[in-house]
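One structure is given here, and the rest of the page talks about it.
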Amino acid sequence: MKQVDRWLTFFFWLFAVCSWSQINGSLQGHVLDALDESGIGGVRVEISSEEFSKISVSDDQGYFQLTDIPSGYYRLSFTSLGYQTKIIATVEVRTGIPQSGSYYLSPAASRLDEIVVQAESRKGTREALTSVHTLTTEETLRFPATFYDPARLTTLYAGVVNPNDQANNLVIRGNSPNGVRWYLQDVEIVNPNHLSNAGTFSDRSTQSGGGVNILSAQMLDNSLFLKGAFPSAYGNATAGIMDMQLRPGASDRLHGTGQIGLIGIDASLEGPLSGESSFLANYRYSTVGILSQMGVDFGGESINFQDLSFHLHMPVGEQSELSFFGLGGVSENEFVGSRDTAEWLEFKDRQDILFDSRMGAMGVSFKAGSWHTSVVYSGYKHKRNSEIIDRMLRPIEFEKDLNRESKLGIHSSYGTSLGGQNSLHIGAKATFHDLSVFSSNALLDYLSDVSASGWLLESYGDLRWQLGSDLVLHTGLHLSHFTLSTATALEPRISARYHISARSFLGLAYGLYSRLPEANVLLLLAPDGRSNSHLGFIRTHHLVLSYTNYINAQSKIVAEVFYQYLFDIPIASGAERSLATINSSEFVFSEQLESEGTGNNAGVEISYQKYFAGSTFFEINGTVYDSKYTGADGVKRNTRYNGKYGFNLTGGKEFSKENGGKRKSFGINLRISVHGGFWEGPIDVQSSQERLLTVYEESSAFTEQLPAFFKTDLRVYWKRSKAKTSRILGLDLLNATNRENIDHYRFDPHTQQIIAKEQFGILPNLSYRIEF
């Protein structure tokens, strides 16, 4: 309770310090050339809605500022001689904290009169031509059931599925969640999520997701999500990229944000340091953890987490900036089994299970014009202990797991114009991977304790060619080498965009991609006592054909056809074996593996999107796909994640009223998601009884499909904006219809029966947020 009291004291001190600030809604930014990232002066910047319009002009370095803007949603347009007009379809201006951003303009070479985007990304020249989405903090706060987590937001898009509501793991176009990589400030980092065992089959940790992102939404700027055929700058990924960017703190005066909800209680503080330098810091403590310390019982299970993050942003000269940043999080999930044998309804009831996780990252980045360099150290430690309670109510050691991973990465890149609308972008990366995996099972008399390390060295180049007025071509190469396995991969990348009319274009992208196997795959000892550290890269060809049609300035249609061929997949050796690592998000098997498996994913995605213009937004999308693999037995099978189809319907409306300088808004948002069930095989009951865990009949792997997934999420909110503050009171209903979605079937050693494990039922989240 002392820790809770200290946190509450800090929260109220923060409110007292900041609440005096008298702030009008404002927007400031930096307009840059998309080719060489130099500032553009004299750009006409207009923010507008049906009721309001205001214009500013950027200065010689490209900076602009718009002040005294009523809170609400606007369009933001940029017009300059020699550049293509750009329109940002949705920009929210709130009182409390001024908004800021960087905006990139491309030279006017195509027949497009203007380009309309939903939101701007700070990545400029490195944006992909296909299969890319920009994630905004505003969307994480507005869309239903995101829990203010950008990874959960991505499941609104075609081809993206969350395999279990309890975590933010992502299945993209039929790929394993382990094919997704996380970036922070341009550098690959370890899994940045609390409770990385959430929603997993074996209750072990994963390397790609968890219950909630350690970085609070308060810290994030617009970030990129890529789901296929990535640009040359990205490596060590075969499914998708979550590229997170931190926003700078406000530089005008001191500001604060407070938020409370089911996920946690947040308090952030930001403001100037000196000159244009600024700081931003956020602390969060889990709400469930506070209630547990107050004595609230959650059925024998307690969940606690807390995190702290910061960002110091310092402009250095006219076109340079320096940033220091860091984050750290601790989380714990403890289940205490019952000491009353009459309450043992399933095997978990007679276990004591403790999962403990630590994650941290620290870094520095420097930008001078189009030269960017970032250095980031990140690491985690995931520990899990399980004990079985015998009939004498004595705890007996059962399972122990300890995973450690750290990455020290440096990424330096440079971009330059080659004249006209052509440009060159080159870069190099060096990442030191330090891995350690300990796993034991007392019942099976198994113990594995292996450590290893190696450098992942990468370099890349990308040439952008403007071929006539309608065709843009990117050609590139990415080279990777891992010193532990001595594996080397040379990967060609090519993408093109052809404008077929003033409002539509075709896109084509191809690339060869590779990634390292997971730490458990590399280091868990096989029965012969050997690890699998010899395994090389998992590799895949990506091909994407896209069509985009801007119906008007507020809506568009996008269709994409994709094909992926995977090879060098780690599989179990033996002519009768079907095991492949791509079918598990947390690999826990003791196997001798070889890089001889293959697979393919193919499908079609269609999306219609109406931007949040005026008071409504709407998106509907659908995916049809097929995901197969072939193991050592030579049989072509469904992958676990071959759901066959997916459908999303998301929409909302906001009702607003202004009176005496105050603005009140009420909004309602709805999302309906449907996708085909994943696959598993028949359970080998006898082997499961002997091993006290679920064992599947390998010869019939992934021949049984789970029931289809259906979920309705609802969010209603009330906003109030005044001169000093902006407030949001919201209620989210995850799975509002309380649909029973089955995640998997498992054998229960206590009941000796096969039981269904379900995902979340209806889950309400009442939240309150204030900015001042």
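So you can find residues: chains in the structure tokens are A, B, ... in the order shown, residues in each start at 1, and ligands are numbered from 1 in order.
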
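Counting only C-alpha atoms, Arg44 in chain A has the following residues at most 6 Å away, ignoring those fewer than 6 positions along the same chain: Val57, Phe78 and Thr79 of chain A.
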
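Look at Gly363 in chain A: the protein and nucleic acid residues within 9 Å of it, using only C-alpha atoms and passing over chain neighbours fewer than 4 places away, are Gln185, Ser323, Phe324, Phe325, Gly326, Ser374, Val375, Val376, Tyr377 and Ser378 of chain A.
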
Quiz prompt | Contacts of Ala430 in chain A at 6 Å (only C-alpha atoms; same-chain gap of 2+ positions) as number ranges by chain | solution = A: 409-410, 456-457

Quiz item: So which residues touch Arg75 in chain A within 7 Å, counting only C-alpha atoms, skipping near sequence neighbours fewer than 6 positions away, as JSON, numbers by chain?
Solution: {"A": [47, 48, 49, 87, 88, 89, 90, 91]}

Would you list the contacts of Arg640 in chain A as a PDB file with C-alpha atoms, in the first residue's frame, taking every protein, DNA or RNA residue within 8 Å and counting only C-alpha atoms, but skipping same-chain residues closer than 6 positions in sequence?
ATOM      1  CA  ASN A 583       3.166 -23.088 -35.900  1.00  0.00           C
ATOM      2  CA  SER A 584       3.984 -22.044 -32.343  1.00  0.00           C
ATOM      3  CA  PHE A 678      -7.214 -21.675 -36.532  1.00  0.00           C
ATOM      4  CA  TRP A 679      -6.105 -25.300 -36.763  1.00  0.00           C
ATOM      5  CA  GLU A 680      -4.922 -28.049 -34.449  1.00  0.00           C
ATOM      6  CA  PHE A 702      -3.549 -29.342 -38.119  1.00  0.00           C
TER       7      PHE A 702
END

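Atom pair CA of Ser102 in chain A / CA of Leu508 in chain A has a distance of 27.3 Å (rounded to one decimal).
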
Practice problem: Go through A:Leu693, A:Tyr285, A:Lys711, A:Asp60 and flag the residue nearest Tyr745 in chain A, using only C-alpha atoms for the distances. | Solution: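 Once distances to Tyr745 in chain A are computed over only C-alpha atoms, the minimum belongs to A:Leu693.
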